[in-house]
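Undergrad: Dropping in coords-v9.txt, with compact mmCIF, C-alpha atoms.
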```
# COMPACT_ATOMS: atom_id res chain seq x y z
CA MET A 7 0.00 0.00 0.00
CA GLU A 8 1.65 3.18 -1.18
CA THR A 9 0.74 6.79 -0.54
CA PRO A 10 -2.27 7.61 -2.71
CA GLY A 11 -1.78 10.11 -5.51
CA LEU A 12 -3.34 11.14 -8.79
CA TYR A 13 -3.27 7.64 -10.30
CA HIS A 14 -5.12 6.09 -7.38
CA ILE A 15 -7.96 8.58 -7.69
CA LEU A 16 -8.06 8.11 -11.46
CA PHE A 17 -8.29 4.36 -10.92
CA ILE A 18 -11.25 4.84 -8.58
CA SER A 19 -13.06 7.20 -10.91
CA THR A 20 -12.50 4.84 -13.87
CA ALA A 21 -13.88 1.92 -11.85
CA LEU A 22 -16.86 4.02 -10.79
CA PHE A 23 -17.52 5.06 -14.39
CA PHE A 24 -17.60 1.48 -15.64
CA ILE A 25 -19.68 0.28 -12.69
CA GLY A 26 -22.19 2.95 -13.74
CA ALA A 27 -21.92 1.83 -17.37
CA TYR A 28 -22.53 -1.79 -16.32
CA GLY A 29 -25.63 -0.71 -14.40
CA PHE A 30 -26.82 1.27 -17.40
CA PHE A 31 -26.43 -1.78 -19.66
CA THR A 32 -28.13 -4.31 -17.39
CA ARG A 33 -30.90 -2.37 -15.68
CA ARG A 34 -34.30 -2.15 -17.33
CA ASN A 35 -35.97 0.08 -14.77
CA LEU A 36 -35.87 3.81 -15.47
CA ILE A 37 -35.09 4.85 -11.88
CA THR A 38 -32.13 2.46 -11.59
CA MET A 39 -30.85 3.65 -14.97
CA LEU A 40 -31.01 7.21 -13.64
CA MET A 41 -28.98 6.06 -10.61
CA SER A 42 -26.32 4.63 -12.94
CA ILE A 43 -26.14 7.97 -14.74
CA GLU A 44 -25.56 9.67 -11.39
CA LEU A 45 -22.65 7.30 -10.72
CA ILE A 46 -21.10 8.16 -14.10
CA LEU A 47 -21.47 11.90 -13.50
CA ASN A 48 -19.88 11.55 -10.07
CA SER A 49 -16.86 9.73 -11.48
CA VAL A 50 -16.36 12.62 -13.91
CA ASN A 51 -16.57 15.12 -11.04
CA LEU A 52 -13.97 13.19 -9.08
CA ASN A 53 -11.67 13.27 -12.12
CA PHE A 54 -11.99 17.03 -12.49
CA ILE A 55 -11.20 17.61 -8.82
CA ALA A 56 -8.22 15.24 -8.89
CA PHE A 57 -6.71 16.92 -11.95
CA ASN A 58 -7.27 20.32 -10.42
CA LYS A 59 -5.52 19.23 -7.23
CA TYR A 60 -2.53 17.39 -8.66
CA VAL A 61 -1.86 18.92 -12.08
CA TRP A 62 -3.05 22.54 -12.00
CA PRO A 63 -3.29 23.62 -8.38
CA ALA A 64 -2.82 27.28 -9.33
CA LYS A 65 -6.20 27.42 -11.07
CA LEU A 66 -9.75 26.72 -9.99
CA ASP A 67 -11.15 25.58 -13.35
CA GLY A 68 -11.79 22.00 -12.25
CA VAL A 69 -13.79 23.26 -9.30
CA PHE A 70 -16.01 25.32 -11.61
CA PHE A 71 -16.55 22.42 -13.97
CA THR A 72 -17.58 20.30 -10.99
CA ILE A 73 -19.99 22.92 -9.69
CA PHE A 74 -21.60 23.30 -13.12
CA ILE A 75 -21.86 19.53 -13.59
CA ILE A 76 -23.54 19.18 -10.19
CA ALA A 77 -26.04 21.91 -11.12
CA ILE A 78 -26.78 20.31 -14.50
CA ALA A 79 -27.10 16.86 -12.88
CA ALA A 80 -29.64 18.21 -10.40
CA ALA A 81 -31.70 19.77 -13.20
CA GLU A 82 -31.44 16.58 -15.24
CA ALA A 83 -32.53 14.37 -12.35
CA ALA A 84 -35.53 16.60 -11.65
CA VAL A 85 -36.68 16.52 -15.29
CA ALA A 86 -36.04 12.78 -15.57
CA ILE A 87 -38.10 12.03 -12.48
CA ALA A 88 -40.95 14.22 -13.74
CA ILE A 89 -40.91 12.21 -16.99
CA ILE A 90 -40.75 8.90 -15.08
CA ILE A 91 -43.73 9.78 -12.89
CA ASN A 92 -45.71 10.88 -15.94
CA LEU A 93 -44.81 7.63 -17.71
CA TYR A 94 -45.94 5.65 -14.67
CA ARG A 95 -49.28 7.47 -14.73
CA SER A 96 -49.96 6.55 -18.33
CA HIS A 97 -48.39 3.05 -18.48
CA LYS A 98 -48.50 1.83 -14.83
CA SER A 99 -44.89 0.70 -15.28
CA ILE A 100 -41.46 2.30 -15.56
CA ASP A 101 -39.83 -0.57 -17.39
CA VAL A 102 -38.15 0.57 -20.61
CA GLU A 103 -39.36 -2.51 -22.48
CA LYS A 104 -42.97 -1.64 -21.73
CA ALA A 105 -42.60 1.97 -22.87
CA GLU A 106 -41.97 1.04 -26.48
CA GLU A 107 -44.79 3.06 -27.98
CA MET A 108 -43.00 6.25 -26.96
CA LYS A 109 -40.95 5.67 -30.11
CA TYR A 110 -43.84 6.48 -32.42
CA MET B 26 1.47 4.11 6.31
CA THR B 27 -0.20 7.20 7.68
CA ALA B 28 -3.75 7.86 8.78
CA SER B 29 -4.43 9.72 5.54
CA THR B 30 -3.52 6.63 3.50
CA ILE B 31 -5.75 4.39 5.61
CA ILE B 32 -8.65 6.82 5.24
CA PHE B 33 -8.13 6.89 1.47
CA TYR B 34 -8.33 3.12 1.11
CA LEU B 35 -11.31 2.98 3.47
CA LEU B 36 -13.14 5.58 1.38
CA ALA B 37 -12.24 3.73 -1.80
CA ALA B 38 -13.63 0.47 -0.39
CA ILE B 39 -16.87 2.15 0.75
CA THR B 40 -17.37 3.97 -2.54
CA LEU B 41 -16.64 1.12 -4.93
CA GLY B 42 -18.30 -1.56 -2.80
CA SER B 43 -21.56 0.29 -2.41
CA ALA B 44 -21.47 1.37 -6.08
CA LEU B 45 -21.21 -2.29 -7.10
CA LEU B 46 -24.07 -3.21 -4.79
CA ALA B 47 -26.15 -0.29 -6.08
CA VAL B 48 -26.05 -1.58 -9.65
CA THR B 49 -26.44 -5.28 -8.80
CA THR B 50 -29.00 -5.49 -5.98
CA ARG B 51 -32.48 -6.47 -7.10
CA GLN B 52 -34.34 -4.45 -4.50
CA ILE B 53 -34.70 -0.94 -5.85
CA PHE B 54 -34.94 0.72 -2.45
CA ARG B 55 -31.66 -0.88 -1.35
CA ALA B 56 -30.09 0.32 -4.59
CA ALA B 57 -31.06 3.88 -3.65
CA ILE B 58 -29.53 3.50 -0.18
CA PHE B 59 -26.30 2.09 -1.61
CA LEU B 60 -26.21 5.00 -4.04
CA LEU B 61 -26.46 7.27 -1.00
CA PHE B 62 -23.37 5.62 0.54
CA THR B 63 -21.48 5.95 -2.75
CA LEU B 64 -22.23 9.66 -2.92
CA ILE B 65 -21.17 10.11 0.71
CA GLY B 66 -17.92 8.27 -0.09
CA ILE B 67 -17.26 10.65 -2.97
CA ALA B 68 -17.93 13.61 -0.67
CA GLY B 69 -15.35 12.00 1.63
CA PHE B 70 -12.85 12.02 -1.23
CA TYR B 71 -13.46 15.74 -1.72
CA PHE B 72 -12.79 16.28 1.98
CA TRP B 73 -9.67 14.11 1.69
CA LEU B 74 -8.44 16.30 -1.17
CA HIS B 75 -9.17 19.46 0.90
CA TYR B 76 -11.94 20.73 -1.34
CA GLU B 77 -14.33 21.36 1.50
CA PHE B 78 -16.73 23.58 -0.45
CA ILE B 79 -17.23 20.98 -3.19
CA ALA B 80 -17.76 18.31 -0.54
CA ALA B 81 -20.42 20.45 1.10
CA VAL B 82 -22.10 21.06 -2.27
CA GLN B 83 -21.96 17.33 -3.00
CA ILE B 84 -23.65 16.47 0.29
CA VAL B 85 -26.29 19.19 -0.02
CA VAL B 86 -27.20 18.64 -3.66
CA TYR B 87 -26.66 14.91 -4.16
CA VAL B 88 -27.25 13.35 -0.76
CA GLY B 89 -29.84 15.85 0.38
CA GLY B 90 -31.51 16.52 -2.94
CA ILE B 91 -31.16 13.95 -5.68
CA VAL B 92 -31.24 10.82 -3.50
CA VAL B 93 -34.30 12.06 -1.64
CA LEU B 94 -35.95 12.79 -5.00
CA ILE B 95 -35.10 9.28 -6.20
CA ILE B 96 -36.46 7.69 -3.02
CA PHE B 97 -39.68 9.67 -3.37
CA SER B 98 -40.08 8.57 -6.96
CA ILE B 99 -39.49 4.95 -5.88
CA PHE B 100 -42.30 5.33 -3.35
CA LEU B 101 -44.57 6.77 -6.03
CA THR B 102 -43.89 4.23 -8.74
CA GLN B 103 -42.95 0.93 -7.09
CA GLN B 104 -44.85 -1.63 -5.08
CA SER B 105 -42.89 -2.03 -1.84
CA GLY B 106 -41.04 -5.28 -1.30
CA GLU B 107 -41.25 -6.19 -4.96
CA GLU B 108 -37.99 -7.34 -6.49
CA LEU B 109 -36.85 -6.29 -9.92
CA PRO B 110 -37.22 -9.05 -12.51
CA LYS B 111 -34.19 -11.21 -13.07
CA GLN B 112 -32.13 -10.31 -16.12
CA ARG B 113 -31.22 -12.71 -18.88
CA TRP B 114 -27.77 -14.12 -18.12
CA SER B 115 -26.53 -13.27 -21.62
CA ARG B 116 -27.30 -9.59 -21.10
CA THR B 117 -25.54 -9.57 -17.72
CA LEU B 118 -22.55 -11.41 -19.17
CA PHE B 119 -22.13 -9.12 -22.17
CA ALA B 120 -22.66 -5.97 -20.10
CA ALA B 121 -20.01 -7.14 -17.61
CA LEU B 122 -17.68 -8.02 -20.48
CA ALA B 123 -18.15 -4.63 -22.15
CA ALA B 124 -17.65 -2.76 -18.89
CA PHE B 125 -14.57 -4.80 -18.03
CA CYS B 126 -13.02 -4.35 -21.47
CA GLY B 127 -13.59 -0.61 -21.32
CA PHE B 128 -12.12 -0.49 -17.83
CA ALA B 129 -9.03 -2.44 -18.90
CA LEU B 130 -8.56 -0.27 -21.99
CA ILE B 131 -8.79 2.99 -20.06
CA LEU B 132 -6.56 1.63 -17.30
CA THR B 133 -3.75 0.57 -19.64
CA GLN B 134 -3.83 4.00 -21.25
CA LEU B 135 -3.88 5.66 -17.84
CA ILE B 136 -0.90 3.81 -16.44
CA ASN B 137 1.25 4.55 -19.48
CA HIS B 138 0.36 8.22 -19.63
CA PRO B 139 2.66 10.59 -17.75
CA PHE B 140 0.65 13.47 -16.36
CA PRO B 141 2.56 16.71 -15.77
CA SER B 142 2.97 16.90 -12.04
CA ALA B 143 2.60 20.28 -10.44
CA ASN B 144 5.27 19.48 -7.87
CA ALA B 145 7.84 18.52 -10.49
CA GLN B 146 7.63 21.77 -12.45
CA ALA B 147 8.79 24.22 -9.84
CA GLY B 148 10.14 24.04 -6.35
CA SER B 149 6.99 25.26 -4.67
CA PRO B 150 3.99 25.53 -7.02
CA ILE B 151 1.49 28.33 -6.71
CA VAL B 152 -1.59 26.97 -5.03
CA THR B 153 -4.90 28.77 -5.26
CA GLU B 154 -6.87 27.67 -2.27
CA ALA B 155 -10.38 26.47 -3.16
CA SER B 156 -11.96 28.56 -0.45
CA VAL B 157 -15.46 29.97 -0.69
CA ALA B 158 -14.04 33.48 -1.10
CA ASN B 159 -11.80 32.52 -4.03
CA ILE B 160 -14.50 30.47 -5.74
CA GLY B 161 -17.15 33.16 -5.32
CA GLU B 162 -14.84 35.90 -6.53
CA GLN B 163 -13.96 34.08 -9.73
CA LEU B 164 -17.47 32.73 -10.27
CA LEU B 165 -19.04 36.19 -10.43
CA ASN B 166 -16.13 37.96 -12.11
CA ILE B 167 -17.01 39.55 -15.46
CA GLU B 168 -13.40 40.23 -16.45
CA GLN B 169 -10.92 37.76 -17.87
CA ASN B 170 -11.07 34.24 -16.38
CA GLY B 171 -14.39 35.15 -14.83
CA MET B 172 -17.21 32.64 -14.86
CA ALA B 173 -20.15 35.07 -14.82
CA LEU B 174 -21.52 34.03 -18.24
CA PRO B 175 -21.64 30.25 -17.53
CA PHE B 176 -23.16 31.09 -14.16
CA GLU B 177 -26.00 32.99 -15.84
CA VAL B 178 -26.44 30.22 -18.42
CA ILE B 179 -26.79 27.69 -15.57
CA SER B 180 -29.41 29.86 -13.91
CA ILE B 181 -31.40 29.99 -17.17
CA LEU B 182 -31.03 26.19 -17.41
CA LEU B 183 -32.36 25.71 -13.88
CA LEU B 184 -35.32 27.97 -14.65
CA ALA B 185 -36.02 26.01 -17.84
CA ALA B 186 -35.77 22.70 -15.95
CA MET B 187 -38.17 23.99 -13.28
CA ILE B 188 -40.77 25.10 -15.83
CA GLY B 189 -40.27 21.87 -17.79
CA CYS B 190 -40.86 19.75 -14.68
CA ILE B 191 -44.06 21.62 -13.87
CA VAL B 192 -45.34 21.26 -17.44
CA ILE B 193 -44.44 17.54 -17.68
CA ALA B 194 -45.80 16.50 -14.30
CA MET B 195 -48.95 18.63 -14.53
CA ARG B 196 -52.12 16.57 -14.53
CA GLN B 197 -54.04 17.17 -17.73
CA ALA B 198 -57.59 18.39 -17.41
CA PRO B 199 -59.86 15.36 -18.06
CA ILE B 200 -61.27 16.49 -21.39
CA ASP B 201 -59.61 14.17 -23.95
CA ASN B 202 -59.41 10.35 -24.15
CA GLU B 203 -62.03 9.35 -21.58
CA ASN B 204 -64.81 11.68 -22.69
CA LYS B 205 -64.13 11.58 -26.40
CA PRO B 206 -65.78 8.24 -27.37
CA ALA B 207 -69.07 9.40 -25.88
CA ALA B 208 -69.22 12.51 -28.06
```
When written as structure tokens, how does the structure in this file appear?
TA:
Amino acid sequence: METPGLYHILFISTALFFIGAYGFFTRRNLITMLMSIELILNSVNLNFIAFNKYVWPAKLDGVFFTIFIIAIAAAEAAVAIAIIINLYRSHKSIDVEKAEEMKY
Amino acid sequence: MTASTIIFYLLAAITLGSALLAVTTRQIFRAAIFLLFTLIGIAGFYFWLHYEFIAAVQIVVYVGGIVVLIIFSIFLTQQSGEELPKQRWSRTLFAALAAFCGFALILTQLINHPFPSANAQAGSPIVTEASVANIGEQLLNIEQNGMALPFEVISILLLAAMIGCIVIAMRQAPIDNENKPAA
């Protein structure tokens, strides 16, 4: 066990990203898919902060990117949940396989 | 091995372990709770990196906002105690394979890529502290390197999302569909 640095955090954020991607591939329920997207967004945030800390500590750009991503993720989650609840009202299910007629 | 190192590996174990459980458990409510622990673990990483403001924002927005929203939507759309249907094994296998291949690809690239280290460039690098004062000053600065324009764009986006949510979730007046066949 060595002292953690940039590469350790990048390893964790990569693992988190692909765990989120795995969840996105396997899940068929809209809420759990939304949760996978949150995991992916969080891994990106962790990357920005790690690069800001270890590579460009003189600037704050990574912090701003993280703040904006958190704001956009909050807006996106709110809209997604409004859509999910509306879908549940009309279809009585939030399974993506049962929402096929949304295509037409 | 210092306390900081131990805390790092502990946080890593909490974050990755509960993230794995969040995408594999078949009870949707448990998935939401594991997601909560993952987000708290990431906030812990921000504390570990001394970005206290971002950690606070993470806890307020994600843990206090998004997870509560997700739990409410689970209550509204799911029968309690019902498990998610089992997936076909082929889908699970190929998803795991795709995720693992992507992970391995990124990791090999990552290990071979030398990132410019801030400590190697100069004796003592300039460090801008990520304090609330510094962040706020640059966020609302309209001169060079200021972030006032993206800040305003985000506020427009939040307004649009708010109006969009209200419009989408609004219950339609019962005039169409049900009453139409009678007319």
Undergrad: For Ala47 (chain B), please output as number ranges by chain all residues within 10 Å (counting all atoms listed in the file; exclusion window: fewer than 6 positions along the same chain).
TA: A: 25-26, 29, 38, 41-42, 45; B: 41, 53-63
Undergrad: Could you tell me which residues of chain A sit within 6 Å of chain B when counting all atoms listed in the file, and give me the result as a PyMOL selection string?
TA: chain A and resi 9+24+28-29+31-32+61+63-64+81+85+88+92
Undergrad: Quick one, how far is CA of Ile55 (chain A) from CA of Val157 (chain B)?
TA: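 Pair CA of Ile55 (chain A) / CA of Val157 (chain B) returns 15.4 Å.
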Undergrad: Between CA of Glu107 (chain A) and CA of Glu82 (chain A), what is the distance in Å, rounded to a tenth?
TA: 22.9 Å
Undergrad: Figure out the distance between CA of Leu52 (chain A) and CA of Phe23 (chain A), please, to one decimal in Å.
TA: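 Pair CA of Phe23 (chain A) / CA of Leu52 (chain A) returns 10.3 Å.
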Undergrad: With a distance cut-off of 8 Å and only C-alpha atoms, select the neighbouring residues of Ile90 (chain A), excluding the residue or stretch itself and same-chain residues fewer than 2 positions from it, and output the selection as a count of residues only.
TA: 9
Undergrad: Which residue is closest to Ser19 (chain A)? Choose from A:Ile76, A:Asn35, A:Glu44, A:Val50 and count only C-alpha atoms.
TA: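 Ranked by minimum distance to Ser19 (chain A), first place goes to A:Val50.
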Undergrad: Measuring between all atoms listed in the file, which one of A:Met39, A:Lys104, A:Arg33, A:Arg95 shows the shortest distance to Gln197 (chain B)?
TA: A:Arg95
Undergrad: Check the smallest atom-to-atom distance from each of B:Val93, B:Gly161, B:Ile181, B:Thr133 to Val69 (chain A) using all atoms listed in the file, then report the winner.
TA: B:Gly161
Undergrad: From the coordinates supplied, region 57-68 of chain A should be written with all heavy atoms, as a PDB file, in the first residue's frame.
TA:
```
ATOM      1  N   PHE A  57      -7.629  16.217 -11.046  1.00  0.00           N
ATOM      2  CA  PHE A  57      -6.712  16.916 -11.954  1.00  0.00           C
ATOM      3  C   PHE A  57      -6.442  18.330 -11.454  1.00  0.00           C
ATOM      4  O   PHE A  57      -5.318  18.831 -11.548  1.00  0.00           O
ATOM      5  CB  PHE A  57      -7.284  16.961 -13.370  1.00  0.00           C
ATOM      6  CG  PHE A  57      -7.060  15.700 -14.129  1.00  0.00           C
ATOM      7  CD1 PHE A  57      -8.105  15.021 -14.712  1.00  0.00           C
ATOM      8  CD2 PHE A  57      -5.783  15.173 -14.266  1.00  0.00           C
ATOM      9  CE1 PHE A  57      -7.903  13.854 -15.412  1.00  0.00           C
ATOM     10  CE2 PHE A  57      -5.574  14.014 -14.957  1.00  0.00           C
ATOM     11  CZ  PHE A  57      -6.631  13.349 -15.531  1.00  0.00           C
ATOM     12  N   ASN A  58      -7.477  18.980 -10.940  1.00  0.00           N
ATOM     13  CA  ASN A  58      -7.274  20.323 -10.419  1.00  0.00           C
ATOM     14  C   ASN A  58      -6.288  20.316  -9.254  1.00  0.00           C
ATOM     15  O   ASN A  58      -5.445  21.196  -9.130  1.00  0.00           O
ATOM     16  CB  ASN A  58      -8.617  20.900  -9.969  1.00  0.00           C
ATOM     17  CG  ASN A  58      -8.543  22.385  -9.757  1.00  0.00           C
ATOM     18  OD1 ASN A  58      -7.599  23.029 -10.193  1.00  0.00           O
ATOM     19  ND2 ASN A  58      -9.528  22.937  -9.086  1.00  0.00           N
ATOM     20  N   LYS A  59      -6.385  19.275  -8.418  1.00  0.00           N
ATOM     21  CA  LYS A  59      -5.524  19.225  -7.235  1.00  0.00           C
ATOM     22  C   LYS A  59      -4.080  18.898  -7.590  1.00  0.00           C
ATOM     23  O   LYS A  59      -3.155  19.532  -7.107  1.00  0.00           O
ATOM     24  CB  LYS A  59      -6.088  18.161  -6.287  1.00  0.00           C
ATOM     25  CG  LYS A  59      -5.183  17.788  -5.144  1.00  0.00           C
ATOM     26  CD  LYS A  59      -5.478  18.621  -3.940  1.00  0.00           C
ATOM     27  CE  LYS A  59      -4.564  18.216  -2.801  1.00  0.00           C
ATOM     28  NZ  LYS A  59      -4.773  19.092  -1.662  1.00  0.00           N
ATOM     29  N   TYR A  60      -3.880  17.901  -8.460  1.00  0.00           N
ATOM     30  CA  TYR A  60      -2.527  17.386  -8.658  1.00  0.00           C
ATOM     31  C   TYR A  60      -1.810  17.971  -9.857  1.00  0.00           C
ATOM     32  O   TYR A  60      -0.590  17.937  -9.912  1.00  0.00           O
ATOM     33  CB  TYR A  60      -2.568  15.861  -8.790  1.00  0.00           C
ATOM     34  CG  TYR A  60      -2.866  15.170  -7.488  1.00  0.00           C
ATOM     35  CD1 TYR A  60      -4.110  14.650  -7.223  1.00  0.00           C
ATOM     36  CD2 TYR A  60      -1.883  15.063  -6.514  1.00  0.00           C
ATOM     37  CE1 TYR A  60      -4.383  14.036  -6.027  1.00  0.00           C
ATOM     38  CE2 TYR A  60      -2.146  14.453  -5.323  1.00  0.00           C
ATOM     39  CZ  TYR A  60      -3.400  13.943  -5.070  1.00  0.00           C
ATOM     40  OH  TYR A  60      -3.667  13.345  -3.880  1.00  0.00           O
ATOM     41  N   VAL A  61      -2.538  18.450 -10.867  1.00  0.00           N
ATOM     42  CA  VAL A  61      -1.863  18.918 -12.079  1.00  0.00           C
ATOM     43  C   VAL A  61      -1.864  20.437 -12.181  1.00  0.00           C
ATOM     44  O   VAL A  61      -0.840  21.036 -12.496  1.00  0.00           O
ATOM     45  CB  VAL A  61      -2.500  18.272 -13.327  1.00  0.00           C
ATOM     46  CG1 VAL A  61      -1.706  18.638 -14.557  1.00  0.00           C
ATOM     47  CG2 VAL A  61      -2.525  16.760 -13.172  1.00  0.00           C
ATOM     48  N   TRP A  62      -3.004  21.071 -11.930  1.00  0.00           N
ATOM     49  CA  TRP A  62      -3.052  22.537 -12.001  1.00  0.00           C
ATOM     50  C   TRP A  62      -3.573  23.120 -10.701  1.00  0.00           C
ATOM     51  O   TRP A  62      -4.715  23.610 -10.650  1.00  0.00           O
ATOM     52  CB  TRP A  62      -3.935  22.980 -13.171  1.00  0.00           C
ATOM     53  CG  TRP A  62      -3.309  22.740 -14.489  1.00  0.00           C
ATOM     54  CD1 TRP A  62      -2.337  23.488 -15.080  1.00  0.00           C
ATOM     55  CD2 TRP A  62      -3.591  21.672 -15.385  1.00  0.00           C
ATOM     56  NE1 TRP A  62      -1.996  22.937 -16.285  1.00  0.00           N
ATOM     57  CE2 TRP A  62      -2.736  21.828 -16.497  1.00  0.00           C
ATOM     58  CE3 TRP A  62      -4.466  20.594 -15.359  1.00  0.00           C
ATOM     59  CZ2 TRP A  62      -2.748  20.952 -17.566  1.00  0.00           C
ATOM     60  CZ3 TRP A  62      -4.480  19.715 -16.415  1.00  0.00           C
ATOM     61  CH2 TRP A  62      -3.631  19.901 -17.503  1.00  0.00           C
ATOM     62  N   PRO A  63      -2.788  23.086  -9.647  1.00  0.00           N
ATOM     63  CA  PRO A  63      -3.291  23.616  -8.375  1.00  0.00           C
ATOM     64  C   PRO A  63      -3.393  25.138  -8.351  1.00  0.00           C
ATOM     65  O   PRO A  63      -4.019  25.703  -7.458  1.00  0.00           O
ATOM     66  CB  PRO A  63      -2.270  23.116  -7.352  1.00  0.00           C
ATOM     67  CG  PRO A  63      -1.036  22.917  -8.129  1.00  0.00           C
ATOM     68  CD  PRO A  63      -1.426  22.559  -9.522  1.00  0.00           C
ATOM     69  N   ALA A  64      -2.771  25.820  -9.346  1.00  0.00           N
ATOM     70  CA  ALA A  64      -2.824  27.283  -9.326  1.00  0.00           C
ATOM     71  C   ALA A  64      -4.150  27.814  -9.828  1.00  0.00           C
ATOM     72  O   ALA A  64      -4.472  28.977  -9.637  1.00  0.00           O
ATOM     73  CB  ALA A  64      -1.686  27.851 -10.177  1.00  0.00           C
ATOM     74  N   LYS A  65      -4.928  26.950 -10.511  1.00  0.00           N
ATOM     75  CA  LYS A  65      -6.204  27.416 -11.068  1.00  0.00           C
ATOM     76  C   LYS A  65      -7.357  26.767 -10.333  1.00  0.00           C
ATOM     77  O   LYS A  65      -7.184  25.817  -9.589  1.00  0.00           O
ATOM     78  CB  LYS A  65      -6.275  27.052 -12.561  1.00  0.00           C
ATOM     79  CG  LYS A  65      -5.274  27.775 -13.398  1.00  0.00           C
ATOM     80  CD  LYS A  65      -5.412  27.328 -14.822  1.00  0.00           C
ATOM     81  CE  LYS A  65      -4.440  28.093 -15.710  1.00  0.00           C
ATOM     82  NZ  LYS A  65      -4.551  27.649 -17.094  1.00  0.00           N
ATOM     83  N   LEU A  66      -8.552  27.286 -10.619  1.00  0.00           N
ATOM     84  CA  LEU A  66      -9.751  26.719  -9.986  1.00  0.00           C
ATOM     85  C   LEU A  66     -10.716  26.152 -11.021  1.00  0.00           C
ATOM     86  O   LEU A  66     -11.869  25.903 -10.720  1.00  0.00           O
ATOM     87  CB  LEU A  66     -10.475  27.802  -9.174  1.00  0.00           C
ATOM     88  CG  LEU A  66      -9.855  28.178  -7.832  1.00  0.00           C
ATOM     89  CD1 LEU A  66     -10.640  29.309  -7.213  1.00  0.00           C
ATOM     90  CD2 LEU A  66      -9.858  27.002  -6.898  1.00  0.00           C
ATOM     91  N   ASP A  67     -10.231  25.949 -12.260  1.00  0.00           N
ATOM     92  CA  ASP A  67     -11.146  25.581 -13.346  1.00  0.00           C
ATOM     93  C   ASP A  67     -11.874  24.270 -13.081  1.00  0.00           C
ATOM     94  O   ASP A  67     -13.069  24.152 -13.351  1.00  0.00           O
ATOM     95  CB  ASP A  67     -10.369  25.487 -14.664  1.00  0.00           C
ATOM     96  CG  ASP A  67      -9.863  26.834 -15.116  1.00  0.00           C
ATOM     97  OD1 ASP A  67     -10.021  27.784 -14.326  1.00  0.00           O
ATOM     98  OD2 ASP A  67      -9.327  26.935 -16.224  1.00  0.00           O
ATOM     99  N   GLY A  68     -11.154  23.283 -12.529  1.00  0.00           N
ATOM    100  CA  GLY A  68     -11.788  21.997 -12.252  1.00  0.00           C
ATOM    101  C   GLY A  68     -12.925  22.133 -11.265  1.00  0.00           C
ATOM    102  O   GLY A  68     -13.969  21.476 -11.398  1.00  0.00           O
TER     103      GLY A  68
END
```
